[in-house]
Number of protein chains: 2
Amino acid sequence: MISIDRPTADLGDVRVTNRAAVLRHVRRHAPCSRADVAAHTGLNKATVSSLVAELIEHGLLRETGLTENRVGRPATMLVLDGSRYVGLGLRVGADELVAVAAGLGGDPVLTWRRAFPAATAGPEETVKALAALTRRAVNRIGADRTVLGLTVAVPGLVDPDGDVPAAPALGWRGVPLAASVRRALRDRDFPVAVDTEANLAVLAERRHGPYAATTDLVHLTGGPAIGAGLISGGRLLRGGRGFAGDVGHLPLAADGPACDCGRRGCLTALLGVDAVIRRLLPGAGPVTDHLPEVERIQVLARAGDEPVRTGLTEIGRLLGQATSVLSGLLDPEVVVVGGHLAALAPWLLPAAHAELAARTPVPPGVRLEASTLGSAAGALGGATAALATVEAGRLPAG
Amino acid sequence: MISIDRPTADLGDVRVTNRAAVLRHVRRHAPCSRADVAAHTGLNKATVSSLVAELIEHGLLRETGLTENRVGRPATMLVLDGSRYVGLGLRVGADELVAVAAGLGGDPVLTWRRAFPAATAGPEETVKALAALTRRAVNRIGADRTVLGLTVAVPGLVDPDGDVPAAPALGWRGVPLAASVRRALRDRDFPVAVDTEANLAVLAERRHGPYAATTDLVHLTGGPAIGAGLISGGRLLRGGRGFAGDVGHLPLAADGPACDCGRRGCLTALLGVDAVIRRLLPGAGPVTDHLPEVERIQVLARAGDEPVRTGLTEIGRLLGQATSVLSGLLDPEVVVVGGHLAALAPWLLPAAHAELAARTPVPPGVRLEASTLGSAAGALGGATAALATVEAGRLPAG
């Protein structure tokens with residue numbers, strides 16, 4: 001095994017690390033007793049009791065009063081407490097904004113969708129709309145809950161400062177999004193961050209989808225531009241500049257349709273929602289609202305429409321090909337597809353699985369599945385990311 | 001930021017973590033004083049003195065007696081001590097075995113190459129040769145130095161048990177390599193591990209090449225099959241089953257030459273050393289000893305041979321294309337090429353850089369460079385990996 005560069009540690013770090021371990025155990029195994037936590041984390045019971053007391057006092061855990069059905073003294077059971085703190089996540093889609101507020105356990109306190117054409121409205125109007133939506137959400141959340149942070153999910157490249165150098169799905173370039181949203185919300189005292197939709201969606205998959213125990217997981221976003229959120233060895237991959245997961249220009253077919261980048265047959269030019277609609281509904285023309293068109297494709301596919309079925313099979317094969325590249329490079333246990341790729345999964349996945357099996361060297365590898373989180377995945381991930389410092393064992397200031 | 005799942009910590013862990021931090025600082029900044037270590041690690045001086053005393057006692061650090069040229073009391077300087085412990089690395093190439101023994105600082109105590117046709121000899125004979133080479137190396141290293149471990153580098157897939165499910169460059173399938181080498185060396189008391197050549201080469205690049213400060217780094221191996229060692233966020237990526245970095249079947253040209261996998265135009269079928277020789281030296285026939293053929297290509301390229309130059313430019317373009325895929329997905333700061341790709345770098349890289357620039361979206365990205373470690377990279381990485389527990393702050397038992 002190769003050693004990891006870690007900073008030095010001190011006693012404060014130990015307590016933070018152990019607090020995070022307790023929260024993590026309760027997140028995965030709630031309801032559970034203090035004795036369970038001690039047994040599974042390897043911490044001694046006195047340490048667990050002290051940490052749990054502190055976490056209860058700060059409103060991060062609560063006792064349910066339930067007891068386990070077992071021999072011996074009944075134990076008080078613990079669950080995450082979602083009542084005092086929430087994280088807020090906003091997703092900027094090509095044709096909608098999504099807001100999700102969620103507590104530590106991921107239970108959505110609020111899920112809002114609002115049709116909004118971010119591509120035609122431009123960054124300035126989008127920032128205004130995001131700020132307005134945030135204010136309304138904070139008001140709805142109410143004064144008895146504290147918002148610990150806001151993370152905005154954007155389909156594109158995001159640098160460590162929260163600037164968006166390029167978001168082709170929105171037609172944006174060089175947008176200082178985090179700074180602009182912070183300015184628009186300067187009267188609020190919670191931190192504002194921006195991350196890619198793909199990064200936040202894969203975080204949501206791991207936290208709130210069926211993949212909590214999966215250390216190697218990829219989420220491929222749907223939408224006008226395909227992006228990948230990569231978790232490897234339990235950790236999100238960001239890359240040197242923060243641009244990891246930019247798979248939209250993976251070359252799949254040299255003779256494929258033209259891509260915005262000037263070449264042909266890139267992943268996005270073949271599997272992006274506009275490309276899929278153009279191919280399967282040739283008369284549709286330019287589309288600003290994708291959902292009704294995707295639903296038309298579903299209706300036609302269900303009805304057995306031959307050209308649509310054939311087209312979906314071919315698109316599925318390309319998805320299998322792209323998945324085999326990801327699989328070879330990163331060896332994930334699961335690749336989860338979102339957006340329109342999830343909506344069309346019943347017709348895409350059989351062909352994708354066949355292609356993947358044909359391309360996978362021995363031994364057999366990755367699973368390819370549809371996301372169950374819907375178009376809120378990025379926003380839910382944003383809400384979760386906004387709680388990251390608490391999840392990492394730091395106590396809220398409030 | 002997204003939190004990392006870490007196990008719980010205790011006071012013993014703190015000392016181990018801090019010991020590793022001291023060793024890391026000295027590795028990067030030697031010669032340096034105790035005060036330097038304290039200033040840069042954030043540890044207090046008493047802790048540093050205690051840790052340094054312990055590390056000197058165990059033969060991991062030594063004092064050089066040099067003093068820094070500065071105001072105030074002259075300080076005793078520290079360097080890594082490579083005199084008492086070495087790690088041993090063996091690399092199984094298609095046509096040679098390489099052995100490297102190195103101390104903590106990476107100074108090679110021994111570098112041996114031995115022509116050996118692992119592909120035709122088969123796994124059983126190769127294990128015998130590896131054991132014999134190990135014994136000779138241990139004898140040469142001598143009794144005053146302790147071998148802390150052996151890591152064998154293999155061009156292929158390696159699972160966490162050290163089994164090799166497939167190594168196409170050697171024609172191997174399902175070889176329980178680590179267990180076989182352990183059995184052959186059962187009279188020796190050091191641990192034996194197996195890892196991919198690519199993983200060990202990228203470790204060597206980061207430790208002993210010019211990339212110590214680079215947290216996002218890829219090494220593309222040369223040889224009959226191309227593999228990738230991936231360091232992202234300072235950590236080696238292994239994937240769910242340990243097979244990350246299997247890039248050999250990245251599809252680059254649908255109409256390219258046939259690949260062993262049954263498809264056409266895979267990375268290995270275009271850029272592997274056999275493919276390159278076949279393309280540039282059409283009369284060469286099947287090759288078992290690659291080095292002389294690669295040298296012939298160098299001679300022809302230097303002499304300005306037109307078909308060879310044109311072929312190298314085309315191969316360079318494909319290398320640029322492969323690098324752009326890696327770059328999009330992982331956003332590394334540097335991609336380093338090894339083996340024959342390094343040997344032919346003067347002619348490959350200009351075309352590769354041009355292709356990469358044409359394919360890289362704003363903002364400009366990755367650097368593509370030739371390795372300076374030569375064919376010993378995997379073995380040097382193996383020697384380094386064999387010292388990993390010490391580097392991670394655990395004291396040797398001896």
# chains A, B, ... in the order shown; residues from 1 in each chain; ligands from 1

$ interface_residues --of "chain A" --to "chain B" --cutoff "6 Å" --atoms "only C-alpha atoms" --output "PyMOL selection string"
chain A and resi 2-3+8-9+14+18+216+239-240+243-247+328-333+388+392

$ residues_around --residues "segment 130-139 of chain B" --least-positions-apart "5" --cutoff "7 Å" --atoms "only C-alpha atoms" --output "ChimeraX atom specification"
/B:181,184-185

$ write_last_selection --atoms "N, CA, C and O atoms" --output "compact mmCIF listing (two decimals), in the first residue's frame"
# COMPACT_ATOMS: atom_id res chain seq x y z
N VAL B 181 5.64 -16.29 -5.33
CA VAL B 181 6.94 -15.71 -4.96
C VAL B 181 7.18 -15.89 -3.47
O VAL B 181 8.29 -16.22 -3.04
N ALA B 184 8.31 -19.37 -2.90
CA ALA B 184 9.69 -19.57 -3.35
C ALA B 184 10.69 -18.91 -2.41
O ALA B 184 11.86 -19.30 -2.36
N LEU B 185 10.23 -17.92 -1.64
CA LEU B 185 11.12 -17.20 -0.72
C LEU B 185 10.71 -17.42 0.73
O LEU B 185 10.90 -16.56 1.58

$ closest_residue --among "A:Gly311, A:Pro31, A:Pro224, A:Gly171" --to "Gly339 of chain A" --atoms "only C-alpha atoms"
A:Pro224

$ atom_distance --atom1 "atom CA of Pro123 of chain A" --atom2 "atom CA of Ser180 of chain A"
9.2 Å

$ atom_distance --atom1 "atom CA of Glu306 of chain B" --atom2 "atom CA of Arg264 of chain B"
26.2 Å

$ atom_distance --atom1 "atom CA of Val192 of chain A" --atom2 "atom CA of Leu150 of chain A"
4.8 Å

$ residues_around --residues "His353 of chain A" --least-positions-apart "3" --cutoff "12 Å" --atoms "only C-alpha atoms" --output "list of chain:residue names"
A:Thr313, A:Ile315, A:Gly316, A:Arg317, A:Leu318, A:Leu319, A:Gly320, A:Gln321, A:Ala322, A:Thr323, A:Ser324, A:Val335, A:Ala345, A:Pro346, A:Trp347, A:Leu348, A:Leu349, A:Pro350, A:Leu356, A:Ala357, A:Ala358, A:Arg359, A:Thr360, A:Pro364, A:Gly365, A:Val366, A:Arg367, A:Leu368, A:Glu369

$ select_by_dssp --residues "segment 46-98 of chain B" --states "alpha helix (DSSP H)" --output "VMD selection string"
chain B and resid 46 to 57

$ select_by_dssp --residues "segment 171-370 of chain A" --states "strand (DSSP E)" --output "list of chain:residue names"
A:Trp172, A:Arg173, A:Gly174, A:Val175, A:Val192, A:Ala193, A:Val194, A:Asp195, A:Thr196, A:Leu217, A:Val218, A:His219, A:Leu220, A:Ala228, A:Gly229, A:Leu230, A:Ile231, A:Ser232, A:Arg235, A:Leu236, A:Val334, A:Val335, A:Val336, A:Val337, A:Arg367, A:Leu368, A:Glu369, A:Ala370

$ residues_around --residues "segment 51-58 of chain B" --least-positions-apart "5" --cutoff "9 Å" --atoms "only C-alpha atoms" --output "ChimeraX atom specification"
/B:15,18-19,22-23,34,46,63,78,81,84,395-396,398

$ write_last_selection --atoms "N, CA and C atoms" --output "mmCIF file, in the first residue's frame"
data_model
loop_
_atom_site.group_PDB
_atom_site.id
_atom_site.type_symbol
_atom_site.label_atom_id
_atom_site.label_comp_id
_atom_site.auth_asym_id
_atom_site.auth_seq_id
_atom_site.Cartn_x
_atom_site.Cartn_y
_atom_site.Cartn_z
ATOM 1 N N ARG B 15 0.999 9.839 17.014
ATOM 2 C CA ARG B 15 2.455 9.748 16.952
ATOM 3 C C ARG B 15 2.918 9.197 15.596
ATOM 4 N N ASN B 18 2.503 11.892 12.987
ATOM 5 C CA ASN B 18 3.502 12.955 13.120
ATOM 6 C C ASN B 18 4.904 12.475 12.743
ATOM 7 N N ARG B 19 5.179 11.207 13.037
ATOM 8 C CA ARG B 19 6.457 10.630 12.620
ATOM 9 C C ARG B 19 6.546 10.654 11.086
ATOM 10 N N VAL B 22 7.329 14.131 9.865
ATOM 11 C CA VAL B 22 8.742 14.485 10.025
ATOM 12 C C VAL B 22 9.570 13.851 8.907
ATOM 13 N N LEU B 23 9.362 12.563 8.674
ATOM 14 C CA LEU B 23 10.100 11.878 7.600
ATOM 15 C C LEU B 23 9.830 12.543 6.252
ATOM 16 N N ARG B 34 16.023 20.606 13.045
ATOM 17 C CA ARG B 34 14.825 20.318 13.833
ATOM 18 C C ARG B 34 13.889 21.531 13.849
ATOM 19 N N ALA B 46 9.514 20.455 21.101
ATOM 20 C CA ALA B 46 9.763 19.310 21.986
ATOM 21 C C ALA B 46 9.298 18.020 21.313
ATOM 22 N N GLU B 63 22.101 12.582 11.608
ATOM 23 C CA GLU B 63 22.594 13.964 11.637
ATOM 24 C C GLU B 63 23.788 14.053 10.704
ATOM 25 N N LEU B 78 19.603 17.442 9.518
ATOM 26 C CA LEU B 78 19.094 16.073 9.428
ATOM 27 C C LEU B 78 18.936 15.647 7.970
ATOM 28 N N ASP B 81 18.282 8.504 6.586
ATOM 29 C CA ASP B 81 19.371 7.544 6.740
ATOM 30 C C ASP B 81 19.044 6.305 5.906
ATOM 31 N N ARG B 84 20.588 1.633 6.956
ATOM 32 C CA ARG B 84 20.207 0.448 7.707
ATOM 33 C C ARG B 84 19.093 -0.380 7.043
ATOM 34 N N LEU B 395 7.481 2.148 12.910
ATOM 35 C CA LEU B 395 8.898 1.837 13.107
ATOM 36 C C LEU B 395 9.175 0.411 12.668
ATOM 37 N N PRO B 396 10.347 0.153 12.052
ATOM 38 C CA PRO B 396 10.679 -1.229 11.688
ATOM 39 C C PRO B 396 10.787 -2.074 12.949
ATOM 40 N N GLY B 398 12.856 -4.510 13.455
ATOM 41 C CA GLY B 398 14.238 -4.892 13.758
ATOM 42 C C GLY B 398 14.958 -3.962 14.714
#

$ closest_residue --among "B:Gly382, B:Gly156, B:Gly12, B:Gly223" --to "Glu96 of chain B" --atoms "only C-alpha atoms"
B:Gly223

$ residues_around --residues "Leu380 of chain A" --least-positions-apart "3" --cutoff "7 Å" --atoms "only C-alpha atoms" --output "count of residues only"
7

$ residues_around --residues "Lys45 of chain B" --least-positions-apart "6" --cutoff "10 Å" --atoms "only C-alpha atoms" --output "ChimeraX atom specification"
/B:34-39,51

$ write_last_selection --atoms "N, CA, C and O atoms" --output "PDB file, in the first residue's frame"
ATOM      1  N   ARG B  34      16.023  20.606  13.045  1.00  0.00           N
ATOM      2  CA  ARG B  34      14.825  20.318  13.833  1.00  0.00           C
ATOM      3  C   ARG B  34      13.889  21.531  13.849  1.00  0.00           C
ATOM      4  O   ARG B  34      12.667  21.386  13.792  1.00  0.00           O
ATOM      5  N   ALA B  35      14.483  22.706  13.913  1.00  0.00           N
ATOM      6  CA  ALA B  35      13.653  23.923  13.942  1.00  0.00           C
ATOM      7  C   ALA B  35      12.877  24.088  12.624  1.00  0.00           C
ATOM      8  O   ALA B  35      11.699  24.475  12.620  1.00  0.00           O
ATOM      9  N   ASP B  36      13.541  23.761  11.509  1.00  0.00           N
ATOM     10  CA  ASP B  36      12.840  23.793  10.214  1.00  0.00           C
ATOM     11  C   ASP B  36      11.641  22.852  10.222  1.00  0.00           C
ATOM     12  O   ASP B  36      10.550  23.189   9.751  1.00  0.00           O
ATOM     13  N   VAL B  37      11.909  21.638  10.715  1.00  0.00           N
ATOM     14  CA  VAL B  37      10.833  20.639  10.744  1.00  0.00           C
ATOM     15  C   VAL B  37       9.666  21.163  11.569  1.00  0.00           C
ATOM     16  O   VAL B  37       8.502  21.083  11.149  1.00  0.00           O
ATOM     17  N   ALA B  38       9.981  21.717  12.744  1.00  0.00           N
ATOM     18  CA  ALA B  38       8.918  22.237  13.610  1.00  0.00           C
ATOM     19  C   ALA B  38       8.156  23.352  12.902  1.00  0.00           C
ATOM     20  O   ALA B  38       6.918  23.374  12.878  1.00  0.00           O
ATOM     21  N   ALA B  39       8.896  24.253  12.260  1.00  0.00           N
ATOM     22  CA  ALA B  39       8.252  25.407  11.616  1.00  0.00           C
ATOM     23  C   ALA B  39       7.317  24.956  10.496  1.00  0.00           C
ATOM     24  O   ALA B  39       6.240  25.528  10.313  1.00  0.00           O
ATOM     25  N   LEU B  51      10.515  12.974  18.444  1.00  0.00           N
ATOM     26  CA  LEU B  51      10.315  12.127  17.262  1.00  0.00           C
ATOM     27  C   LEU B  51      11.638  11.906  16.527  1.00  0.00           C
ATOM     28  O   LEU B  51      11.950  10.787  16.102  1.00  0.00           O
TER      29      LEU B  51
END
